[in-house]
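Asker: Here you go, data19.cif (mmCIF, C-alpha atoms and all ligand atoms):
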```
data_entry
loop_
_atom_site.group_PDB
_atom_site.id
_atom_site.type_symbol
_atom_site.label_atom_id
_atom_site.label_comp_id
_atom_site.auth_asym_id
_atom_site.auth_seq_id
_atom_site.Cartn_x
_atom_site.Cartn_y
_atom_site.Cartn_z
ATOM 1 C CA MET G 15 0.000 0.000 0.000
ATOM 2 C CA THR G 16 1.202 3.526 -0.665
ATOM 3 C CA ASN G 17 2.157 5.796 2.188
ATOM 4 C CA ASP G 18 -0.885 8.004 1.929
ATOM 5 C CA ALA G 19 -3.391 5.165 1.597
ATOM 6 C CA PRO G 20 -5.762 5.005 4.593
ATOM 7 C CA ILE G 21 -4.896 2.431 7.263
ATOM 8 C CA VAL G 22 -8.571 1.527 7.575
ATOM 9 C CA ARG G 23 -11.266 1.965 4.941
ATOM 10 C CA LEU G 24 -14.894 1.072 5.554
ATOM 11 C CA SER G 25 -17.146 1.292 2.553
ATOM 12 C CA HIS G 26 -20.941 1.094 2.762
ATOM 13 C CA LEU G 27 -20.544 -1.457 5.506
ATOM 14 C CA ARG G 28 -23.547 -3.270 6.952
ATOM 15 C CA LEU G 29 -23.158 -5.394 10.053
ATOM 16 C CA ASP G 30 -25.765 -7.812 11.363
ATOM 17 C CA ARG G 31 -25.865 -9.594 14.692
ATOM 18 C CA GLY G 32 -28.343 -12.175 15.868
ATOM 19 C CA GLY G 33 -30.367 -11.748 12.660
ATOM 20 C CA ARG G 34 -30.659 -7.990 13.194
ATOM 21 C CA THR G 35 -28.945 -5.133 11.370
ATOM 22 C CA VAL G 36 -26.874 -3.257 13.946
ATOM 23 C CA LEU G 37 -25.089 -0.837 11.591
ATOM 24 C CA ARG G 38 -25.766 0.136 8.011
ATOM 25 C CA ASP G 39 -24.039 2.169 5.308
ATOM 26 C CA ILE G 40 -20.939 2.919 7.370
ATOM 27 C CA SER G 41 -18.182 4.580 5.312
ATOM 28 C CA LEU G 42 -15.012 5.840 6.959
ATOM 29 C CA GLU G 43 -11.356 6.354 6.088
ATOM 30 C CA VAL G 44 -8.741 6.436 8.832
ATOM 31 C CA PRO G 45 -5.588 8.178 7.524
ATOM 32 C CA ARG G 46 -2.157 6.961 8.604
ATOM 33 C CA GLY G 47 -0.947 8.740 11.736
ATOM 34 C CA SER G 48 -4.375 9.984 12.810
ATOM 35 C CA ILE G 49 -6.484 9.362 15.894
ATOM 36 C CA VAL G 50 -10.129 8.749 15.083
ATOM 37 C CA ALA G 51 -12.747 8.743 17.834
ATOM 38 C CA VAL G 52 -15.756 6.477 17.318
ATOM 39 C CA LEU G 53 -18.410 7.853 19.635
ATOM 40 C CA GLY G 54 -21.902 6.707 20.387
ATOM 41 C CA PRO G 55 -24.277 5.830 23.173
ATOM 42 C CA SER G 56 -24.345 2.417 24.806
ATOM 43 C CA GLY G 57 -25.699 -0.239 22.463
ATOM 44 C CA SER G 58 -25.156 1.876 19.329
ATOM 45 C CA GLY G 59 -22.829 -0.703 17.779
ATOM 46 C CA LYS G 60 -19.327 0.507 18.641
ATOM 47 C CA SER G 61 -18.068 -2.924 19.714
ATOM 48 C CA THR G 62 -19.774 -4.441 16.687
ATOM 49 C CA LEU G 63 -17.778 -2.101 14.449
ATOM 50 C CA LEU G 64 -14.542 -3.139 16.167
ATOM 51 C CA ALA G 65 -15.425 -6.799 15.682
ATOM 52 C CA ALA G 66 -15.563 -6.135 11.936
ATOM 53 C CA LEU G 67 -12.112 -4.488 11.979
ATOM 54 C CA THR G 68 -10.502 -7.486 13.651
ATOM 55 C CA GLY G 69 -12.324 -9.963 11.443
ATOM 56 C CA GLU G 70 -14.463 -11.452 14.217
ATOM 57 C CA LEU G 71 -17.599 -10.383 12.374
ATOM 58 C CA GLU G 72 -18.034 -10.639 8.612
ATOM 59 C CA PRO G 73 -19.752 -7.787 6.777
ATOM 60 C CA ALA G 74 -23.329 -8.466 5.725
ATOM 61 C CA ALA G 75 -22.698 -5.948 2.932
ATOM 62 C CA GLY G 76 -19.985 -3.482 1.929
ATOM 63 C CA SER G 77 -16.301 -3.873 2.749
ATOM 64 C CA VAL G 78 -13.658 -3.492 5.449
ATOM 65 C CA GLU G 79 -10.042 -2.887 4.439
ATOM 66 C CA VAL G 80 -7.184 -2.772 6.930
ATOM 67 C CA PHE G 81 -3.624 -1.979 5.798
ATOM 68 C CA GLY G 82 -4.915 -1.703 2.235
ATOM 69 C CA GLN G 83 -6.369 -5.218 2.099
ATOM 70 C CA ALA G 84 -9.834 -6.654 2.634
ATOM 71 C CA VAL G 85 -10.003 -8.263 6.091
ATOM 72 C CA PRO G 86 -9.421 -11.952 5.329
ATOM 73 C CA GLN G 87 -11.659 -14.795 6.438
ATOM 74 C CA GLY G 88 -9.184 -17.671 6.811
ATOM 75 C CA ARG G 89 -7.882 -18.332 10.336
ATOM 76 C CA ARG G 90 -4.192 -18.126 9.489
ATOM 77 C CA ALA G 91 -4.517 -14.880 7.506
ATOM 78 C CA LEU G 92 -6.613 -13.378 10.294
ATOM 79 C CA LEU G 93 -3.967 -14.215 12.898
ATOM 80 C CA GLU G 94 -1.364 -12.504 10.706
ATOM 81 C CA LEU G 95 -3.569 -9.403 10.371
ATOM 82 C CA ARG G 96 -4.214 -9.272 14.119
ATOM 83 C CA LYS G 97 -0.483 -9.188 14.861
ATOM 84 C CA GLY G 98 -0.549 -5.733 13.265
ATOM 85 C CA ILE G 99 -3.434 -4.512 15.433
ATOM 86 C CA GLY G 100 -2.880 -3.705 19.106
ATOM 87 C CA VAL G 101 -6.126 -3.890 21.025
ATOM 88 C CA LEU G 102 -6.750 -2.420 24.444
ATOM 89 C CA LEU G 103 -9.941 -4.113 25.516
ATOM 90 C CA GLN G 104 -12.583 -2.814 27.899
ATOM 91 C CA GLY G 105 -11.139 -3.468 31.350
ATOM 92 C CA ASN G 106 -7.483 -4.399 31.438
ATOM 93 C CA GLY G 107 -7.456 -8.147 30.907
ATOM 94 C CA LEU G 108 -4.250 -8.371 32.956
ATOM 95 C CA LEU G 109 -3.513 -11.770 34.457
ATOM 96 C CA THR G 110 -3.480 -11.217 38.202
ATOM 97 C CA ASP G 111 -0.930 -13.911 39.067
ATOM 98 C CA LEU G 112 1.675 -12.432 36.695
ATOM 99 C CA THR G 113 3.743 -9.288 37.268
ATOM 100 C CA ALA G 114 3.385 -6.229 35.040
ATOM 101 C CA ALA G 115 6.482 -7.301 33.099
ATOM 102 C CA GLU G 116 5.236 -10.877 32.690
ATOM 103 C CA ASN G 117 1.906 -9.559 31.399
ATOM 104 C CA VAL G 118 3.609 -7.357 28.819
ATOM 105 C CA ALA G 119 5.824 -10.284 27.794
ATOM 106 C CA LEU G 120 2.849 -12.532 26.961
ATOM 107 C CA PRO G 121 2.390 -11.483 23.293
ATOM 108 C CA LEU G 122 6.167 -11.605 22.733
ATOM 109 C CA ARG G 123 6.324 -15.162 24.110
ATOM 110 C CA ALA G 124 3.285 -16.218 22.079
ATOM 111 C CA HIS G 125 4.370 -14.726 18.742
ATOM 112 C CA THR G 126 8.183 -14.616 18.714
ATOM 113 C CA HIS G 127 11.091 -16.946 19.483
ATOM 114 C CA LEU G 128 13.212 -14.233 21.065
ATOM 115 C CA PRO G 129 15.501 -15.203 23.940
ATOM 116 C CA ASP G 130 14.380 -14.293 27.471
ATOM 117 C CA ALA G 131 16.961 -11.533 27.914
ATOM 118 C CA VAL G 132 15.778 -9.783 24.732
ATOM 119 C CA ILE G 133 12.140 -10.135 25.756
ATOM 120 C CA ARG G 134 12.963 -8.587 29.133
ATOM 121 C CA GLN G 135 14.609 -5.602 27.405
ATOM 122 C CA LEU G 136 11.674 -5.115 25.041
ATOM 123 C CA VAL G 137 9.232 -5.340 27.951
ATOM 124 C CA LEU G 138 11.145 -2.699 29.897
ATOM 125 C CA MET G 139 11.098 -0.447 26.825
ATOM 126 C CA LYS G 140 7.318 -0.809 26.503
ATOM 127 C CA LEU G 141 6.820 -0.126 30.206
ATOM 128 C CA HIS G 142 9.103 2.887 29.885
ATOM 129 C CA ALA G 143 6.958 4.146 26.985
ATOM 130 C CA VAL G 144 3.921 4.260 29.310
ATOM 131 C CA GLY G 145 5.971 5.746 32.160
ATOM 132 C CA LEU G 146 5.910 2.598 34.299
ATOM 133 C CA ARG G 147 9.317 0.970 34.085
ATOM 134 C CA ALA G 148 9.590 1.224 37.861
ATOM 135 C CA VAL G 149 6.654 -1.140 38.451
ATOM 136 C CA ALA G 150 7.884 -3.939 36.178
ATOM 137 C CA ASP G 151 7.917 -6.464 39.011
ATOM 138 C CA SER G 152 4.688 -5.368 40.689
ATOM 139 C CA TYR G 153 1.490 -7.387 40.492
ATOM 140 C CA PRO G 154 -1.696 -5.824 39.072
ATOM 141 C CA ARG G 155 -3.295 -5.683 42.558
ATOM 142 C CA GLU G 156 -0.434 -3.408 43.657
ATOM 143 C CA LEU G 157 -1.214 -0.853 40.916
ATOM 144 C CA SER G 158 -3.843 1.896 40.728
ATOM 145 C CA GLY G 159 -6.567 1.546 38.103
ATOM 146 C CA GLY G 160 -4.829 4.064 35.857
ATOM 147 C CA MET G 161 -1.469 2.333 36.175
ATOM 148 C CA ALA G 162 -2.990 -1.059 35.436
ATOM 149 C CA ARG G 163 -4.614 0.432 32.309
ATOM 150 C CA ARG G 164 -1.210 1.718 31.190
ATOM 151 C CA VAL G 165 0.362 -1.725 31.724
ATOM 152 C CA ALA G 166 -2.396 -3.160 29.533
ATOM 153 C CA LEU G 167 -1.527 -0.476 26.983
ATOM 154 C CA ALA G 168 2.149 -1.494 27.108
ATOM 155 C CA ARG G 169 1.069 -5.094 26.471
ATOM 156 C CA ALA G 170 -1.073 -4.019 23.487
ATOM 157 C CA LEU G 171 2.050 -2.301 22.096
ATOM 158 C CA ALA G 172 4.333 -5.279 22.667
ATOM 159 C CA LEU G 173 4.484 -6.418 19.043
ATOM 160 C CA ASP G 174 4.851 -2.863 17.647
ATOM 161 C CA PRO G 175 1.473 -2.866 15.881
ATOM 162 C CA PRO G 176 1.005 -0.039 13.362
ATOM 163 C CA LEU G 177 -2.701 0.211 14.276
ATOM 164 C CA MET G 178 -4.013 0.592 17.833
ATOM 165 C CA ILE G 179 -7.628 0.064 18.763
ATOM 166 C CA TYR G 180 -8.860 1.262 22.134
ATOM 167 C CA ASP G 181 -12.219 -0.091 23.293
ATOM 168 C CA GLU G 182 -13.548 2.167 26.064
ATOM 169 C CA PRO G 183 -10.075 2.894 27.456
ATOM 170 C CA LEU G 184 -11.412 5.124 30.239
ATOM 171 C CA THR G 185 -13.985 2.848 31.858
ATOM 172 C CA GLY G 186 -13.615 2.935 35.633
ATOM 173 C CA LEU G 187 -10.938 5.651 35.658
ATOM 174 C CA ASP G 188 -11.203 8.951 37.524
ATOM 175 C CA PRO G 189 -10.840 12.234 35.564
ATOM 176 C CA ILE G 190 -7.127 12.622 36.320
ATOM 177 C CA ALA G 191 -6.230 9.062 35.309
ATOM 178 C CA SER G 192 -8.453 9.505 32.219
ATOM 179 C CA GLY G 193 -6.497 12.596 31.207
ATOM 180 C CA VAL G 194 -3.195 10.762 31.677
ATOM 181 C CA VAL G 195 -4.334 7.801 29.563
ATOM 182 C CA MET G 196 -5.667 9.988 26.736
ATOM 183 C CA GLU G 197 -2.505 12.098 26.630
ATOM 184 C CA LEU G 198 -0.529 8.890 26.485
ATOM 185 C CA VAL G 199 -2.666 7.669 23.583
ATOM 186 C CA ARG G 200 -1.802 10.851 21.664
ATOM 187 C CA ARG G 201 1.900 10.788 22.591
ATOM 188 C CA LEU G 202 2.362 7.117 21.698
ATOM 189 C CA ASN G 203 0.473 7.642 18.457
ATOM 190 C CA ASP G 204 2.800 10.454 17.435
ATOM 191 C CA THR G 205 6.141 9.212 18.763
ATOM 192 C CA LEU G 206 5.725 5.623 17.581
ATOM 193 C CA GLY G 207 4.112 6.572 14.268
ATOM 194 C CA LEU G 208 0.874 4.719 15.001
ATOM 195 C CA THR G 209 -2.687 5.131 13.792
ATOM 196 C CA SER G 210 -5.351 4.910 16.498
ATOM 197 C CA ILE G 211 -9.067 4.257 16.718
ATOM 198 C CA VAL G 212 -10.636 5.089 20.065
ATOM 199 C CA VAL G 213 -14.106 3.700 20.677
ATOM 200 C CA THR G 214 -15.797 5.379 23.594
ATOM 201 C CA HIS G 215 -18.755 7.185 25.038
ATOM 202 C CA HIS G 216 -16.342 9.454 26.989
ATOM 203 C CA VAL G 217 -16.683 12.317 24.525
ATOM 204 C CA HIS G 218 -15.237 15.184 26.530
ATOM 205 C CA GLU G 219 -12.052 13.337 27.513
ATOM 206 C CA THR G 220 -11.464 11.944 24.015
ATOM 207 C CA LEU G 221 -12.159 14.874 21.676
ATOM 208 C CA PRO G 222 -9.122 16.925 22.782
ATOM 209 C CA VAL G 223 -6.718 14.267 21.468
ATOM 210 C CA ALA G 224 -8.684 13.196 18.365
ATOM 211 C CA ASP G 225 -8.101 14.385 14.792
ATOM 212 C CA HIS G 226 -11.462 13.169 13.526
ATOM 213 C CA ALA G 227 -14.653 11.963 15.190
ATOM 214 C CA ILE G 228 -17.661 9.999 14.097
ATOM 215 C CA VAL G 229 -20.840 9.565 16.087
ATOM 216 C CA ILE G 230 -22.906 6.453 15.545
ATOM 217 C CA ALA G 231 -26.533 6.223 16.604
ATOM 218 C CA ASN G 232 -29.740 4.697 15.301
ATOM 219 C CA GLY G 233 -27.758 2.191 13.218
ATOM 220 C CA GLY G 234 -25.619 4.630 11.239
ATOM 221 C CA ILE G 235 -23.164 7.514 11.240
ATOM 222 C CA VAL G 236 -24.958 10.667 12.373
ATOM 223 C CA PHE G 237 -21.821 12.835 12.367
ATOM 224 C CA SER G 238 -18.352 12.714 10.805
ATOM 225 C CA GLY G 239 -15.920 15.615 11.114
ATOM 226 C CA THR G 240 -13.328 17.299 13.295
ATOM 227 C CA PRO G 241 -13.780 17.623 17.064
ATOM 228 C CA ALA G 242 -14.323 21.382 16.604
ATOM 229 C CA GLN G 243 -17.070 20.727 14.044
ATOM 230 C CA LEU G 244 -18.636 18.228 16.428
ATOM 231 C CA GLU G 245 -18.664 20.685 19.327
ATOM 232 C CA ALA G 246 -20.188 23.344 17.038
ATOM 233 C CA SER G 247 -22.807 21.055 15.494
ATOM 234 C CA ASP G 248 -26.446 21.931 16.033
ATOM 235 C CA ASP G 249 -27.642 18.594 14.670
ATOM 236 C CA PRO G 250 -30.266 17.294 17.132
ATOM 237 C CA PHE G 251 -28.675 13.791 17.236
ATOM 238 C CA VAL G 252 -25.293 15.270 18.049
ATOM 239 C CA ARG G 253 -26.654 17.686 20.656
ATOM 240 C CA GLN G 254 -28.605 14.925 22.389
ATOM 241 C CA PHE G 255 -25.527 12.714 22.524
ATOM 242 C CA LEU G 256 -23.097 15.439 23.605
ATOM 243 C CA ASN G 257 -25.450 16.627 26.337
ATOM 244 C CA GLY G 258 -26.295 13.086 27.471
ATOM 245 C CA GLU G 259 -30.017 13.705 27.193
ATOM 246 C CA PRO G 260 -32.330 10.688 27.462
ATOM 247 C CA ASP G 261 -35.031 12.182 25.211
ATOM 248 C CA GLY G 262 -34.455 13.136 21.595
ATOM 249 C CA PRO G 263 -33.969 11.654 18.154
ATOM 250 C CA ILE G 264 -31.573 8.899 19.292
ATOM 251 C CA ALA G 265 -33.585 5.782 20.002
ATOM 252 C CA PHE G 266 -32.124 3.721 22.805
ATOM 253 C CA ASP G 267 -32.255 -0.043 23.050
ATOM 254 C CA ALA G 268 -35.711 -0.203 24.593
ATOM 255 C CA ALA G 269 -37.215 1.163 21.396
ATOM 256 C CA PRO G 270 -37.704 -1.336 18.573
ATOM 257 C CA ARG G 271 -36.046 -0.391 15.305
ATOM 258 C CA PRO G 272 -36.522 -1.604 11.790
ATOM 259 C CA THR G 273 -34.208 -4.390 10.632
ATOM 260 C CA GLU G 274 -32.942 -5.255 7.206
ATOM 261 C CA ALA G 275 -31.654 -8.628 8.221
ATOM 262 C CA ALA G 276 -34.724 -10.371 9.612
HETATM 263 N N1 LIG E 1 -23.551 -11.455 19.731
HETATM 264 C C1 LIG E 1 -24.640 -10.697 19.565
HETATM 265 N N2 LIG E 1 -25.816 -11.245 19.135
HETATM 266 C C2 LIG E 1 -26.900 -10.477 18.956
HETATM 267 N N3 LIG E 1 -26.951 -9.157 19.179
HETATM 268 C C3 LIG E 1 -25.822 -8.562 19.596
HETATM 269 C C4 LIG E 1 -24.619 -9.292 19.828
HETATM 270 N N4 LIG E 1 -23.678 -8.420 20.259
HETATM 271 C C5 LIG E 1 -24.265 -7.208 20.287
HETATM 272 N N5 LIG E 1 -25.545 -7.294 19.906
HETATM 273 C C6 LIG E 1 -26.494 -6.174 19.782
HETATM 274 O O1 LIG E 1 -25.936 -5.232 18.898
HETATM 275 C C7 LIG E 1 -26.203 -3.899 19.345
HETATM 276 C C8 LIG E 1 -24.901 -3.128 19.447
HETATM 277 O O2 LIG E 1 -24.090 -3.684 20.495
HETATM 278 P P1 LIG E 1 -22.607 -3.206 20.746
HETATM 279 O O3 LIG E 1 -22.078 -4.037 21.870
HETATM 280 O O4 LIG E 1 -21.867 -3.203 19.471
HETATM 281 O O5 LIG E 1 -22.840 -1.703 21.235
HETATM 282 P P2 LIG E 1 -21.816 -0.700 21.924
HETATM 283 O O6 LIG E 1 -22.058 0.619 21.286
HETATM 284 O O7 LIG E 1 -20.448 -1.261 21.879
HETATM 285 O O8 LIG E 1 -22.356 -0.687 23.403
HETATM 286 P P3 LIG E 1 -21.570 -0.444 24.789
HETATM 287 O O9 LIG E 1 -21.081 0.974 24.739
HETATM 288 O O10 LIG E 1 -22.658 -0.646 25.810
HETATM 289 O O11 LIG E 1 -20.476 -1.463 24.850
HETATM 290 C C9 LIG E 1 -26.944 -4.026 20.676
HETATM 291 O O12 LIG E 1 -28.315 -3.841 20.415
HETATM 292 C C10 LIG E 1 -26.666 -5.441 21.107
HETATM 293 O O13 LIG E 1 -27.742 -5.946 21.839
#
```
Since I need it in another form, could you write the structure as structure tokens?
Answerer:
Amino acid sequence: MTNDAPIVRLSHLRLDRGGRTVLRDISLEVPRGSIVAVLGPSGSGKSTLLAALTGELEPAAGSVEVFGQAVPQGRRALLELRKGIGVLLQGNGLLTDLTAAENVALPLRAHTHLPDAVIRQLVLMKLHAVGLRAVADSYPRELSGGMARRVALARALALDPPLMIYDEPLTGLDPIASGVVMELVRRLNDTLGLTSIVVTHHVHETLPVADHAIVIANGGIVFSGTPAQLEASDDPFVRQFLNGEPDGPIAFDAAPRPTEAA
């Protein structure tokens, strides 16, 4: 792929789950080096969109390209693709009986044949990148929530993936820890030359570090533009979402919605 080709390209994508259309006509290009925020209320389909990026969910229509290629369907090709995508899942997913360093080493042990001493050095570099080299030998229970999230981030970076996906990276964090994590997301993106997709309903913490934002609601994209354009939008969907209002044009899960899939 050429240098200016988008890292991710979604084209008229439709995603179904459980016989129901969750998202329809989703088109998005994520340029190399950018941070794109995917925003939307609970149940709007953010995790479903991520599942399509990692190949867990096949498109019902349209296409998903990552690194200039359609997301493959074969197991082996998918594993290869996923090595290039660092995922920070909701929660930390740290193994509690392993130290921070041992947690960060897991992907290196699973996917490389590097000697232990080299793995240790790489792990310390990743922990240094998130400002936590000093806690390499601490266990997750000895870390604050924000520190544990950063260790999980170091683990997601272990294999030097060009694309990072953050799924609700701020869940359970206080405002200060949230600020630290989001600044880290921006700094790592820029210093390591990454491209990042941040899926979240934490709009106000995420917009300051994002280059582009989309809002999904009612099964589709209701906004796509810069954070400044989002803040200035007077679209009723956008205003309802930004202000966290229960009543408005965004239908929440309790309301039935038409399906294409059934
Ligand atoms: N495996 C599944 N089978 C059937 N329906 C599903 C499945 N997973 C999700 N859904 C439905 O798809 C819709 C979107 O869910 P999704 O988890 O993608 O939303 P979300 O925006 O990530 O929500 P949250 O912010 O609460 O995590 C919901 O209505 C959900 O009930």
Asker: Give me the box for stretch 116-119 of chain G as JSON, namely the centre and edge lengths in Å to one decimal of a box along x, y and z that holds every listed atom plus 3 Å on each side.
Answerer:
```
{"center_x": 3.9, "center_y": -9.1, "center_z": 30.2, "size_x": 9.9, "size_y": 9.5, "size_z": 10.9}
```
Asker: G:Leu42, G:Leu37, G:Ile228, G:Met178: which is nearest G:Gly57, counting all atoms listed in the file?
Answerer: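 Of G:Leu42, G:Leu37, G:Ile228, G:Met178, the one nearest G:Gly57 is G:Leu37, counting all atoms listed in the file.
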Asker: As a quick test: using all atoms listed in the file, which residues lie no more than 9 Å away from ligand LIG 1 (chain E)? Give them as an MDAnalysis selection string.
Answerer: chainID G and resid 30:37 53:65 104 181:182 213:215 230:231 233 266:267
Asker: I'd like to see the residues matched by the PyMOL selection byres (((chain G and resi 143) around 12) and not hetatm) on this file, and ideally I'd get them as a VMD selection string.
Answerer: chain G and resid 136 to 142 144 to 148 164 to 165 167 to 172 174 198 to 199 201 to 203 205 to 206
Asker: Using atom CA of G:Gly82 and atom CA of G:Lys97 as the two end points, give the distance in Å to one decimal.
Answerer: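 Pair atom CA of G:Gly82 / atom CA of G:Lys97 returns 15.3 Å.
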Asker: Could you tell me which residues the PyMOL selection byres (((chain G and resi 180) around 6) and not hetatm) returns for this structure, as a PDB file with C-alpha atoms, keeping the file's coordinate frame?
Answerer:
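This is the output file selection_35.pdb:
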```pdb
ATOM      1  CA  VAL G 101      -6.126  -3.890  21.025  1.00  0.00           C
ATOM      2  CA  LEU G 102      -6.750  -2.420  24.444  1.00  0.00           C
ATOM      3  CA  ILE G 179      -7.628   0.064  18.763  1.00  0.00           C
ATOM      4  CA  ASP G 181     -12.219  -0.091  23.293  1.00  0.00           C
ATOM      5  CA  PRO G 183     -10.075   2.894  27.456  1.00  0.00           C
ATOM      6  CA  VAL G 212     -10.636   5.089  20.065  1.00  0.00           C
ATOM      7  CA  VAL G 213     -14.106   3.700  20.677  1.00  0.00           C
TER       8      VAL G 213
END
```
Asker: Quick one: everything within 10 Å of G:Ser41, counting all atoms listed in the file, minus sequence neighbours fewer than 4 positions away in the same chain. Send it as JSON, numbers by chain.
Answerer: {"G": [23, 24, 25, 26, 27, 28, 76, 77, 78, 234, 235, 238]}
Asker: Could you tell me how far atom CA of G:Pro176 lies from atom CA of G:Thr209, in Å and to one decimal?
Answerer: 6.4 Å
Asker: Atom CA of G:Ile264 to atom CA of G:Val22: how many Å, to one decimal?
Answerer: 26.8 Å
Asker: List, as a PyMOL selection string, every residue that the PyMOL selection byres (((chain G and resi 252) around 12) and not hetatm) selects in the file provided.
Answerer: chain G and resi 53-55+217+227-232+235-239+241+243-251+253-259+262-264
Asker: Measuring between only C-alpha atoms, which one of G:Asp111, G:Asp130, G:Asp39, G:Asp18 shows the shortest distance to G:Glu156?
Answerer: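 Residue with the minimum atom-to-atom distance to G:Glu156: G:Asp111.
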